[in-house]
file my_file_34.cif (mmCIF, C-alpha atoms and all ligand atoms)
data_data
#
loop_
_atom_site.label_atom_id
_atom_site.label_comp_id
_atom_site.auth_asym_id
_atom_site.auth_seq_id
_atom_site.Cartn_x
_atom_site.Cartn_y
_atom_site.Cartn_z
CA MET A 1 31.33 -128.61 119.74
CA ARG A 2 33.75 -125.97 118.49
CA LEU A 3 37.50 -126.38 118.80
CA VAL A 4 38.00 -122.68 119.47
CA ASP A 5 35.96 -123.01 122.68
CA LEU A 6 38.10 -125.96 123.81
CA ILE A 7 41.29 -124.00 123.09
CA ARG A 8 39.96 -121.13 125.21
CA LYS A 9 38.92 -123.50 127.99
CA LYS A 10 42.41 -125.03 128.20
CA ARG A 11 44.08 -121.63 127.79
CA ASP A 12 42.19 -120.46 130.88
CA GLY A 13 43.25 -123.51 132.90
CA GLY A 14 40.03 -125.51 132.59
CA GLU A 15 39.71 -129.30 132.60
CA LEU A 16 38.43 -130.87 129.40
CA SER A 17 35.84 -133.64 129.55
CA GLY A 18 36.36 -137.06 128.00
CA ALA A 19 33.97 -136.19 125.16
CA GLU A 20 35.89 -132.99 124.41
CA ILE A 21 39.25 -134.76 124.26
CA GLU A 22 37.82 -137.51 122.05
CA PHE A 23 36.33 -134.85 119.74
CA ILE A 24 39.80 -133.33 119.30
CA VAL A 25 41.67 -136.61 118.68
CA ARG A 26 39.00 -138.09 116.43
CA GLY A 27 38.53 -134.89 114.43
CA TYR A 28 42.26 -134.36 113.93
CA THR A 29 42.91 -137.96 112.86
CA ALA A 30 40.06 -137.71 110.33
CA GLY A 31 41.51 -134.51 108.88
CA GLU A 32 38.51 -132.44 109.99
CA LEU A 33 40.41 -130.09 112.32
CA PRO A 34 43.17 -127.82 111.00
CA ASP A 35 46.82 -127.89 112.11
CA TYR A 36 46.70 -124.24 113.24
CA GLN A 37 43.94 -124.86 115.78
CA ILE A 38 45.49 -128.10 117.03
CA SER A 39 48.82 -126.27 117.39
CA ALA A 40 47.14 -123.64 119.58
CA TRP A 41 45.48 -126.35 121.66
CA LEU A 42 48.79 -128.25 122.07
CA MET A 43 50.49 -125.06 123.27
CA ALA A 44 47.66 -124.45 125.76
CA VAL A 45 48.13 -128.02 127.06
CA LEU A 46 51.90 -127.50 127.33
CA LEU A 47 51.47 -124.27 129.30
CA LYS A 48 48.50 -125.22 131.50
CA GLY A 49 49.06 -128.98 131.86
CA MET A 50 46.48 -131.74 132.07
CA SER A 51 44.89 -133.50 135.04
CA ARG A 52 45.54 -137.24 135.50
CA ALA A 53 42.01 -137.95 134.23
CA GLU A 54 42.56 -135.82 131.10
CA THR A 55 45.90 -137.54 130.45
CA ALA A 56 44.29 -140.97 130.76
CA THR A 57 41.47 -140.01 128.35
CA LEU A 58 43.95 -138.57 125.86
CA THR A 59 46.01 -141.78 126.02
CA GLN A 60 42.87 -143.91 125.43
CA ALA A 61 41.87 -141.71 122.50
CA MET A 62 45.36 -142.03 120.95
CA LEU A 63 45.32 -145.79 121.44
CA HIS A 64 41.90 -146.20 119.81
CA SER A 65 42.70 -143.91 116.88
CA GLY A 66 43.99 -147.02 115.08
CA GLU A 67 44.52 -150.76 115.25
CA VAL A 68 45.12 -152.50 118.58
CA LEU A 69 47.08 -155.71 118.06
CA ASP A 70 45.32 -158.83 119.24
CA TRP A 71 47.35 -161.87 120.24
CA ARG A 72 44.51 -164.02 121.52
CA GLU A 73 45.72 -167.07 119.64
CA PHE A 74 49.00 -166.96 121.58
CA PRO A 75 48.30 -168.25 125.09
CA ARG A 76 51.31 -166.53 126.65
CA LYS A 77 51.76 -163.18 128.38
CA LYS A 78 52.89 -160.31 126.17
CA VAL A 79 55.37 -157.86 127.63
CA ASP A 80 57.45 -154.97 126.40
CA LYS A 81 59.91 -152.31 127.51
CA HIS A 82 60.09 -148.66 126.56
CA SER A 83 63.00 -146.33 127.14
CA THR A 84 62.74 -142.55 127.03
CA GLY A 85 66.05 -142.55 125.14
CA GLY A 86 69.71 -142.08 125.80
CA VAL A 87 73.22 -142.33 124.42
CA GLY A 88 74.47 -145.88 123.80
CA ASP A 89 71.08 -147.07 125.06
CA LYS A 90 70.75 -150.40 123.29
CA THR A 91 69.09 -152.67 125.84
CA SER A 92 66.15 -153.61 123.56
CA LEU A 93 68.40 -155.76 121.36
CA ILE A 94 69.55 -157.66 124.44
CA LEU A 95 66.45 -158.04 126.57
CA THR A 96 64.02 -158.88 123.75
CA PRO A 97 65.72 -162.22 122.90
CA ILE A 98 66.30 -162.97 126.59
CA VAL A 99 62.62 -162.54 127.43
CA ALA A 100 61.41 -164.39 124.32
CA ALA A 101 63.83 -167.26 125.02
CA GLY A 102 62.35 -167.35 128.53
CA GLY A 103 58.88 -168.06 127.15
CA LEU A 104 57.09 -164.69 127.05
CA LEU A 105 56.00 -162.85 123.90
CA VAL A 106 57.60 -159.52 122.98
CA PRO A 107 55.75 -157.64 120.20
CA MET A 108 58.09 -154.64 120.16
CA ILE A 109 57.28 -151.53 118.14
CA SER A 110 60.19 -149.11 118.28
CA GLY A 111 61.25 -145.73 116.98
CA ARG A 112 64.17 -144.09 115.24
CA GLY A 113 66.80 -141.89 116.85
CA LEU A 114 65.51 -138.60 118.19
CA GLY A 115 67.90 -135.65 118.62
CA HIS A 116 71.16 -136.86 120.16
CA THR A 117 69.71 -140.22 121.19
CA GLY A 118 69.86 -143.43 119.15
CA GLY A 119 66.87 -145.46 117.98
CA THR A 120 66.30 -149.21 117.99
CA LEU A 121 65.17 -149.30 114.34
CA ASP A 122 68.37 -147.62 113.14
CA LYS A 123 70.46 -150.15 115.07
CA LEU A 124 68.52 -153.13 113.67
CA GLU A 125 68.82 -151.80 110.13
CA SER A 126 72.61 -151.85 110.42
CA ILE A 127 72.31 -155.66 110.26
CA PRO A 128 72.39 -156.40 106.49
CA GLY A 129 68.90 -157.24 105.21
CA PHE A 130 67.03 -156.72 108.51
CA ASN A 131 63.50 -155.55 107.68
CA VAL A 132 61.69 -153.49 110.34
CA ASN A 133 58.74 -152.66 108.06
CA LEU A 134 56.53 -155.68 108.60
CA SER A 135 52.73 -155.73 108.48
CA SER A 136 50.81 -157.02 111.51
CA ASP A 137 50.35 -160.37 109.72
CA GLU A 138 54.05 -160.71 109.01
CA MET A 139 54.77 -159.74 112.61
CA ARG A 140 52.42 -162.50 113.74
CA ARG A 141 54.34 -165.10 111.69
CA VAL A 142 57.69 -164.05 113.19
CA MET A 143 56.22 -164.07 116.71
CA ALA A 144 54.80 -167.56 116.20
CA GLU A 145 58.26 -168.89 115.34
CA CYS A 146 60.49 -167.18 117.89
CA GLY A 147 58.28 -165.33 120.41
CA ALA A 148 59.49 -161.84 119.50
CA CYS A 149 59.42 -159.38 116.65
CA MET A 150 60.91 -155.89 116.39
CA ILE A 151 59.32 -153.46 113.95
CA GLY A 152 58.58 -149.77 113.35
CA GLN A 153 55.24 -148.02 113.81
CA THR A 154 52.85 -149.00 111.01
CA ALA A 155 50.35 -146.62 109.39
CA SER A 156 47.50 -148.32 111.23
CA ILE A 157 48.92 -148.06 114.77
CA CYS A 158 48.15 -144.82 116.65
CA PRO A 159 47.68 -142.61 113.57
CA ALA A 160 46.64 -139.73 115.86
CA ASP A 161 50.06 -139.81 117.51
CA LYS A 162 51.86 -139.96 114.19
CA LYS A 163 50.14 -136.74 113.08
CA MET A 164 50.25 -135.00 116.43
CA TYR A 165 53.89 -135.88 117.14
CA ALA A 166 54.96 -134.37 113.81
CA LEU A 167 53.06 -131.19 114.70
CA ARG A 168 54.52 -131.06 118.24
CA ASP A 169 58.00 -131.43 116.79
CA VAL A 170 57.66 -128.18 114.85
CA THR A 171 55.56 -126.15 117.31
CA GLY A 172 57.71 -126.42 120.44
CA THR A 173 55.19 -128.63 122.21
CA VAL A 174 57.10 -131.90 122.64
CA GLU A 175 58.08 -131.27 126.28
CA SER A 176 54.67 -131.65 127.91
CA PRO A 177 54.56 -134.61 130.34
CA ALA A 178 50.87 -135.23 129.53
CA LEU A 179 51.50 -135.23 125.77
CA ILE A 180 54.62 -137.42 126.11
CA CYS A 181 52.70 -139.86 128.30
CA ALA A 182 49.76 -140.11 125.87
CA SER A 183 52.11 -140.51 122.91
CA ILE A 184 54.27 -143.24 124.44
CA MET A 185 51.59 -145.14 126.35
CA GLY A 186 49.10 -144.94 123.46
CA LYS A 187 51.61 -146.64 121.15
CA LYS A 188 52.73 -149.22 123.68
CA MET A 189 49.18 -150.17 124.63
CA ALA A 190 48.36 -150.57 120.92
CA GLU A 191 50.80 -153.51 120.93
CA GLY A 192 48.18 -155.45 122.89
CA ILE A 193 50.55 -156.18 125.79
CA ASP A 194 49.75 -157.30 129.34
CA ALA A 195 52.70 -155.62 131.04
CA LEU A 196 55.24 -152.90 130.40
CA VAL A 197 58.58 -151.94 131.93
CA LEU A 198 59.55 -148.29 131.45
CA ASP A 199 63.19 -147.21 131.52
CA VAL A 200 63.00 -143.50 132.29
CA LYS A 201 66.43 -141.97 131.85
CA THR A 202 67.78 -138.97 133.67
CA GLY A 203 71.09 -137.10 133.45
CA SER A 204 73.22 -135.22 130.95
CA GLY A 205 72.46 -137.61 128.05
CA ALA A 206 68.70 -137.86 128.68
CA PHE A 207 65.84 -135.60 127.62
CA MET A 208 64.91 -135.29 131.30
CA LYS A 209 68.06 -133.78 132.80
CA GLN A 210 66.51 -133.41 136.27
CA GLU A 211 65.65 -136.51 138.26
CA ALA A 212 62.47 -134.87 139.63
CA ASP A 213 61.14 -134.41 136.06
CA ALA A 214 61.94 -138.03 135.20
CA ILE A 215 60.11 -139.20 138.33
CA HIS A 216 57.08 -137.05 137.50
CA LEU A 217 56.86 -138.47 133.96
CA ALA A 218 57.38 -142.02 135.25
CA GLU A 219 54.58 -141.66 137.81
CA LEU A 220 52.25 -140.31 135.16
CA MET A 221 52.98 -143.17 132.75
CA VAL A 222 52.72 -145.86 135.43
CA GLU A 223 49.40 -144.50 136.69
CA THR A 224 48.03 -144.19 133.15
CA GLY A 225 49.03 -147.78 132.33
CA GLU A 226 47.47 -149.05 135.55
CA ARG A 227 44.22 -147.19 134.82
CA MET A 228 44.18 -149.16 131.56
CA GLY A 229 44.42 -152.43 133.49
CA LYS A 230 48.07 -153.19 132.72
CA ARG A 231 50.96 -154.09 135.00
CA VAL A 232 53.46 -151.25 134.61
CA ILE A 233 56.58 -150.24 136.51
CA ALA A 234 59.24 -147.66 135.75
CA LEU A 235 62.94 -147.72 136.58
CA ILE A 236 64.61 -144.33 136.85
CA THR A 237 68.07 -144.96 135.44
CA ASP A 238 71.31 -143.06 135.07
CA MET A 239 72.18 -141.38 131.77
CA ASP A 240 75.05 -139.20 132.98
CA GLN A 241 77.40 -141.18 130.74
CA PRO A 242 76.90 -143.45 127.73
CA LEU A 243 75.59 -146.92 128.47
CA GLY A 244 78.29 -149.45 127.58
CA ARG A 245 81.16 -148.26 125.40
CA ALA A 246 79.63 -148.21 121.89
CA VAL A 247 77.67 -145.27 120.42
CA GLY A 248 76.66 -145.68 116.76
CA ASN A 249 74.46 -148.25 115.10
CA ALA A 250 76.64 -151.17 113.92
CA LEU A 251 79.05 -150.61 116.84
CA GLU A 252 76.11 -150.96 119.21
CA VAL A 253 74.90 -154.16 117.54
CA ILE A 254 78.36 -155.66 118.10
CA GLU A 255 78.28 -154.67 121.76
CA CYS A 256 74.82 -156.21 122.21
CA MET A 257 75.98 -159.48 120.70
CA GLU A 258 78.96 -159.43 123.06
CA VAL A 259 76.57 -159.08 126.00
CA LEU A 260 74.53 -162.01 124.67
CA GLN A 261 77.79 -164.01 124.60
CA GLY A 262 78.55 -163.08 128.21
CA ARG A 263 81.43 -160.70 127.49
CA GLY A 264 79.82 -157.26 127.31
CA PRO A 265 80.46 -154.23 129.55
CA ASP A 266 79.10 -154.53 133.09
CA ASP A 267 76.77 -151.51 133.11
CA LEU A 268 75.01 -152.52 129.90
CA THR A 269 74.80 -156.17 130.95
CA ASP A 270 73.46 -155.29 134.41
CA LEU A 271 70.76 -152.91 133.16
CA SER A 272 69.63 -155.26 130.37
CA LEU A 273 69.34 -158.19 132.80
CA GLU A 274 67.53 -155.98 135.33
CA LEU A 275 64.94 -154.83 132.78
CA ALA A 276 64.50 -158.41 131.53
CA ALA A 277 64.05 -159.58 135.13
CA TRP A 278 61.22 -157.08 135.68
CA MET A 279 59.62 -158.19 132.42
CA PHE A 280 59.71 -161.82 133.62
CA TYR A 281 58.17 -160.78 136.92
CA LEU A 282 55.41 -158.55 135.50
CA GLY A 283 54.68 -161.17 132.82
CA GLU A 284 54.22 -163.73 135.63
CA ARG A 285 56.98 -165.94 134.28
CA THR A 286 58.80 -165.76 137.63
CA ALA A 287 57.46 -165.26 141.15
CA SER A 288 59.95 -162.53 141.97
CA VAL A 289 62.33 -160.08 140.30
CA GLU A 290 65.24 -161.98 141.86
CA GLU A 291 64.11 -165.19 140.12
CA GLY A 292 63.79 -163.14 136.95
CA ARG A 293 67.43 -162.03 137.28
CA LYS A 294 68.53 -165.64 137.71
CA LEU A 295 66.54 -166.77 134.67
CA ALA A 296 67.88 -163.91 132.53
CA ARG A 297 71.47 -164.78 133.50
CA GLU A 298 70.90 -168.46 132.66
CA LEU A 299 69.42 -167.68 129.22
CA VAL A 300 72.51 -165.66 128.35
CA ALA A 301 74.96 -168.21 129.79
CA ASN A 302 73.43 -171.19 127.94
CA GLY A 303 73.29 -169.34 124.60
CA SER A 304 69.47 -169.44 124.23
CA ALA A 305 69.13 -165.65 124.07
CA LEU A 306 71.73 -165.29 121.32
CA LYS A 307 70.10 -168.14 119.40
CA ASN A 308 66.73 -166.43 119.70
CA PHE A 309 68.10 -163.16 118.32
CA GLN A 310 69.75 -165.02 115.42
CA GLN A 311 66.44 -166.72 114.65
CA MET A 312 64.47 -163.46 114.77
CA THR A 313 67.05 -161.75 112.57
CA ALA A 314 66.80 -164.49 109.94
CA LEU A 315 62.98 -164.41 110.07
CA GLN A 316 63.07 -160.65 109.49
CA GLY A 317 65.33 -161.05 106.44
CA GLY A 318 68.62 -160.21 108.15
CA ASN A 319 71.98 -161.92 107.84
CA ALA A 320 72.23 -163.82 111.14
CA ARG A 321 75.87 -164.72 110.48
CA ALA A 322 76.76 -161.03 110.89
CA LEU A 323 75.78 -161.32 114.57
CA THR A 324 78.88 -163.38 115.32
CA ASP A 325 81.05 -162.58 112.30
CA PHE A 326 81.24 -158.81 112.81
CA GLY A 327 83.23 -158.32 109.59
CA LEU A 328 79.87 -158.72 107.80
CA LEU A 329 78.49 -155.58 109.52
CA PRO A 330 79.12 -152.09 108.09
CA THR A 331 82.55 -150.80 109.17
CA ALA A 332 83.81 -147.21 108.95
CA ARG A 333 86.88 -146.59 106.77
CA ASN A 334 88.74 -144.42 109.29
CA ARG A 335 89.40 -144.14 113.00
CA MET A 336 90.78 -141.35 115.10
CA GLU A 337 91.51 -141.21 118.82
CA VAL A 338 90.55 -138.25 120.99
CA ALA A 339 93.30 -137.90 123.59
CA SER A 340 93.07 -136.48 127.11
CA ALA A 341 94.68 -133.06 127.53
CA SER A 342 95.64 -133.79 131.15
CA SER A 343 96.26 -136.60 133.63
CA GLY A 344 93.92 -137.44 136.51
CA TYR A 345 90.46 -138.95 136.93
CA VAL A 346 87.41 -138.56 134.74
CA THR A 347 85.00 -136.79 137.08
CA GLN A 348 82.22 -135.86 134.66
CA ILE A 349 81.08 -136.61 131.09
CA ASP A 350 78.62 -134.42 129.21
CA CYS A 351 76.86 -137.40 127.72
CA GLU A 352 74.77 -135.39 125.24
CA LYS A 353 78.00 -134.19 123.59
CA ILE A 354 79.04 -137.80 122.90
CA GLY A 355 75.65 -138.40 121.28
CA VAL A 356 75.92 -135.25 119.18
CA ALA A 357 79.47 -136.19 118.11
CA SER A 358 78.18 -139.52 116.76
CA LEU A 359 75.34 -137.66 115.01
CA LEU A 360 77.83 -135.26 113.38
CA LEU A 361 79.83 -138.20 112.02
CA GLY A 362 76.62 -139.33 110.27
CA GLY A 363 75.28 -141.78 112.86
CA GLY A 364 71.98 -139.99 113.53
CA HIS A 365 69.22 -137.95 111.97
CA ASN A 366 69.51 -134.17 111.77
CA THR A 367 66.16 -134.04 110.00
CA LYS A 368 63.47 -136.69 109.68
CA GLU A 369 64.48 -137.30 106.07
CA ASP A 370 68.22 -137.75 106.76
CA SER A 371 69.67 -141.13 105.93
CA ILE A 372 72.19 -142.39 108.44
CA ASN A 373 75.54 -144.08 108.10
CA PRO A 374 75.30 -147.32 110.12
CA ALA A 375 79.08 -147.77 110.34
CA VAL A 376 80.11 -144.56 112.13
CA GLY A 377 80.13 -143.68 115.81
CA VAL A 378 82.19 -143.41 118.95
CA THR A 379 83.91 -146.00 121.15
CA VAL A 380 84.13 -144.72 124.72
CA HIS A 381 87.34 -145.87 126.44
CA LYS A 382 87.16 -143.79 129.60
CA LYS A 383 84.14 -143.53 131.86
CA THR A 384 83.48 -141.62 135.06
CA GLY A 385 85.92 -142.57 137.82
CA ASP A 386 88.55 -143.98 135.42
CA ARG A 387 92.18 -142.85 135.68
CA VAL A 388 93.59 -141.30 132.54
CA LYS A 389 97.09 -140.14 131.53
CA ARG A 390 97.74 -137.08 129.39
CA GLY A 391 97.71 -138.18 125.73
CA GLU A 392 95.76 -141.37 126.46
CA ALA A 393 92.62 -142.01 124.38
CA LEU A 394 89.29 -140.96 125.89
CA CYS A 395 87.32 -142.13 122.86
CA THR A 396 87.83 -143.39 119.30
CA LEU A 397 85.86 -141.81 116.47
CA HIS A 398 84.80 -144.10 113.60
CA TYR A 399 84.16 -142.07 110.45
CA ASP A 400 83.89 -142.23 106.68
CA ASP A 401 84.21 -138.58 105.74
CA ASP A 402 85.92 -135.85 107.71
CA ARG A 403 83.58 -132.91 107.07
CA GLN A 404 82.50 -132.58 110.71
CA LEU A 405 85.34 -134.51 112.27
CA THR A 406 86.99 -131.50 113.92
CA GLU A 407 83.70 -130.44 115.49
CA ALA A 408 83.00 -133.98 116.70
CA LYS A 409 86.49 -134.22 118.17
CA SER A 410 86.26 -130.93 120.02
CA LEU A 411 82.80 -131.82 121.36
CA ILE A 412 84.22 -135.00 122.91
CA GLY A 413 87.24 -133.13 124.28
CA SER A 414 85.03 -130.48 125.90
CA GLY A 415 82.58 -133.12 127.14
CA TYR A 416 85.14 -134.72 129.49
CA LYS A 417 86.13 -133.21 132.83
CA VAL A 418 89.43 -134.56 134.18
CA ASP A 419 90.49 -133.60 137.74
CA ALA A 420 93.37 -134.47 140.02
CA THR A 421 91.16 -136.21 142.59
CA ALA A 422 88.83 -139.13 142.05
CA PRO A 423 85.07 -138.39 142.04
CA PRO A 424 82.86 -139.78 144.80
CA LEU A 425 81.58 -143.29 144.14
CA ARG A 426 79.15 -143.36 141.24
CA ARG A 427 75.46 -143.40 141.98
CA LEU A 428 73.57 -146.57 141.23
CA LEU A 429 72.57 -147.27 137.64
CA VAL A 430 68.98 -147.89 138.75
CA ARG A 431 68.10 -144.97 141.01
CA LYS A 432 64.50 -145.70 141.83
CA VAL A 433 61.63 -148.06 141.02
CA ILE A 434 58.18 -146.53 140.52
CA GLY A 435 54.98 -148.54 140.61
CA LYS A 436 53.36 -151.34 142.59
CA VAL A 437 56.11 -153.88 143.14
N1 LIG A 501 58.72 -140.42 122.33
C1 LIG A 501 57.45 -140.57 121.87
O1 LIG A 501 57.10 -141.56 121.27
N2 LIG A 501 56.59 -139.56 122.10
C2 LIG A 501 56.92 -138.44 122.78
O2 LIG A 501 56.07 -137.60 122.95
C3 LIG A 501 58.25 -138.31 123.23
C4 LIG A 501 59.13 -139.31 123.00
#

call {"tool": "encode", "arguments": {"input": "my_file_34.cif", "output": "structure tokens"}}
result
Amino acid sequence: MRLVDLIRKKRDGGELSGAEIEFIVRGYTAGELPDYQISAWLMAVLLKGMSRAETATLTQAMLHSGEVLDWREFPRKKVDKHSTGGVGDKTSLILTPIVAAGGLLVPMISGRGLGHTGGTLDKLESIPGFNVNLSSDEMRRVMAECGACMIGQTASICPADKKMYALRDVTGTVESPALICASIMGKKMAEGIDALVLDVKTGSGAFMKQEADAIHLAELMVETGERMGKRVIALITDMDQPLGRAVGNALEVIECMEVLQGRGPDDLTDLSLELAAWMFYLGERTASVEEGRKLARELVANGSALKNFQQMTALQGGNARALTDFGLLPTARNRMEVASASSGYVTQIDCEKIGVASLLLGGGHNTKEDSINPAVGVTVHKKTGDRVKRGEALCTLHYDDDRQLTEAKSLIGSGYKVDATAPPLRRLLVRKVIGKV
């Protein structure tokens, strides 16, 4: 088989066979196929698309390019959640301890922030000492004690994706639904889970700005997961404004701990409990999603979920005291309010601008090598539908140095639309459920 023939075949709109796709993934992982040919093939896939069968084969090939975790010695269902990313999207730190405290196993492998969106690993690392770089054996020990473990991708899990994602990032080929599906589902299936809940975000702070694109990707991922014998559903959720009020790593950890103590913002609490409820249902812990909601609420109210997160933090080397004594978390030296230029109602927020403002203050990665400042970020005081007076704070910026402060401030100012009349009632946080319910 010659790669040039497969590039031509895809370029001309042909469908690749399973053997051809496996040849590409295996050859590239082994270092036998050059970046320039794989780049050409990726671009052909982006432009011509892939059939459902091709996408499923590519996902399988990604999954089997490395280690697949095996939890046979744990006689409980393993479940996980994946979000396509957003601003202030921090539900993993809330639902993981809820679901583990409820008796299921959560072997979560997460990523870092991408573009204007935050990443679970960056948030966890803002807890002093928290180690996300565990081997599979260390992960196993943590799981045995508390039922959950949150780590980053290891060298042995989905190596094909690690190489191919880096190439896609620099060749303009990230935005292919088939490639995104294979990348995400390959990694998630390598966790050895029985069920997966996908949180596919849409709106101004999401990668998928259009709901139709989010639905298309969700359907593709659900179908691919089902073909692999897993229980998978996707929730299409709103990302037209930040989730909760905190954007920035340590600020977000604080907000998560507030939710686990029953005093977090409603939107973040509701979505976290909803995702946890679906995990309970798909993991056969409850007979219905409604029972899952009830169980999730109970585990927060009786303190079990917070206790579970404290235990996991300690097992992963973190300072669990910092989860209730927030003075032990990194704190920015300075704060500045961004005031509203007019009075009225907030009718629209360009959510991506809030994410970029936090990134400019040092809260995210501009390049893969960038280190981040865990203390900085944005507190959002006004959300869509809120009344605001001229001069009142829309947001507070938390910063250490003021190099990009002016830019961050003007981004937030231009990201808010304030009008004299109130906007129509907000659309539901969960817009649609995709998959066999
Ligand atoms: N996240 C991933 O892990 N892969 C993609 O392709 C896009 C987002």

call {"tool": "atom_distance", "arguments": {"input": "my_file_34.cif", "atom1": "atom CA of A:Leu134", "atom2": "atom CA of A:Ala148"}}
result
12.9 Å

call {"tool": "residues_near_ligand", "arguments": {"input": "my_file_34.cif", "ligand": "ligand LIG 501 (chain A)", "cutoff": "12 Å", "atoms": "only C-alpha atoms and all ligand atoms", "output": "ChimeraX atom specification"}}
result
/A:42,46,59,62,82-86,109-115,117-119,152-153,158,160-169,172-188,200-201,206-208,217,221

call {"tool": "closest_residue", "arguments": {"input": "my_file_34.cif", "among": "A:Ser204, A:Asn308, A:Thr120, A:Thr224", "to": "A:Ala250", "atoms": "only C-alpha atoms"}}
result
A:Thr120

call {"tool": "residues_around", "arguments": {"input": "my_file_34.cif", "residues": "stretch 95-108 of chain A", "least_positions_apart": "5", "cutoff": "6 Å", "atoms": "all atoms listed in the file", "output": "list in words"}}
result
Lys77, Lys78, Val79, Asp80, Gly147, Ala148, Cys149, Met150, Ser272, Ala276, Ala305, Asn308 and Phe309 of chain A

call {"tool": "closest_residue", "arguments": {"input": "my_file_34.cif", "among": "A:Asp370, A:Arg427, A:Glu226, A:Ala44", "to": "A:Thr171", "atoms": "only C-alpha atoms"}}
result
A:Ala44

call {"tool": "closest_residue", "arguments": {"input": "my_file_34.cif", "among": "A:Met43, A:Leu360, A:Leu3, A:Ile412", "to": "A:Asn373", "atoms": "all atoms listed in the file"}}
result
A:Leu360

call {"tool": "residues_around", "arguments": {"input": "my_file_34.cif", "residues": "A:Asn319", "least_positions_apart": "3", "cutoff": "9 Å", "atoms": "only C-alpha atoms", "output": "JSON, numbers by chain"}}
result
{"A": [127, 128, 129, 130, 310, 313, 314, 322, 323, 328]}

call {"tool": "closest_residue", "arguments": {"input": "my_file_34.cif", "among": "A:Arg8, A:Arg140, A:Arg426, A:Arg52", "to": "A:Asp267", "atoms": "only C-alpha atoms"}}
result
A:Arg426

call {"tool": "closest_residue", "arguments": {"input": "my_file_34.cif", "among": "A:Met312, A:Ile233, A:Leu16, A:Val418", "to": "A:Glu145", "atoms": "all atoms listed in the file"}}
result
A:Met312

call {"tool": "build_atoms", "arguments": {"input": "my_file_34.cif", "residues": "stretch 218-228 of chain A", "atoms": "N, CA, C and O atoms", "output": "compact mmCIF listing (two decimals), keeping the file's coordinate frame"}}
result
# COMPACT_ATOMS: atom_id res chain seq x y z
N ALA A 218 57.52 -140.59 134.97
CA ALA A 218 57.38 -142.02 135.25
C ALA A 218 56.09 -142.29 136.01
O ALA A 218 55.34 -143.22 135.69
N GLU A 219 55.80 -141.46 137.02
CA GLU A 219 54.58 -141.66 137.81
C GLU A 219 53.33 -141.53 136.94
O GLU A 219 52.39 -142.30 137.04
N LEU A 220 53.39 -140.54 136.05
CA LEU A 220 52.25 -140.31 135.16
C LEU A 220 52.03 -141.52 134.24
O LEU A 220 50.90 -141.98 134.06
N MET A 221 53.11 -142.04 133.68
CA MET A 221 52.98 -143.17 132.75
C MET A 221 52.55 -144.44 133.47
O MET A 221 51.72 -145.20 132.96
N VAL A 222 53.10 -144.65 134.67
CA VAL A 222 52.72 -145.86 135.43
C VAL A 222 51.24 -145.79 135.79
O VAL A 222 50.49 -146.74 135.57
N GLU A 223 50.80 -144.63 136.29
CA GLU A 223 49.40 -144.50 136.69
C GLU A 223 48.47 -144.68 135.48
O GLU A 223 47.44 -145.34 135.56
N THR A 224 48.87 -144.09 134.35
CA THR A 224 48.03 -144.19 133.15
C THR A 224 47.93 -145.65 132.70
O THR A 224 46.84 -146.13 132.36
N GLY A 225 49.04 -146.36 132.71
CA GLY A 225 49.03 -147.78 132.33
C GLY A 225 48.17 -148.60 133.27
O GLY A 225 47.39 -149.47 132.83
N GLU A 226 48.27 -148.30 134.57
CA GLU A 226 47.47 -149.05 135.55
C GLU A 226 45.98 -148.78 135.36
O GLU A 226 45.16 -149.70 135.46
N ARG A 227 45.63 -147.53 135.07
CA ARG A 227 44.22 -147.19 134.82
C ARG A 227 43.68 -148.02 133.65
O ARG A 227 42.49 -148.23 133.52
N MET A 228 44.60 -148.39 132.74
CA MET A 228 44.18 -149.16 131.56
C MET A 228 44.26 -150.66 131.83
O MET A 228 44.17 -151.47 130.91
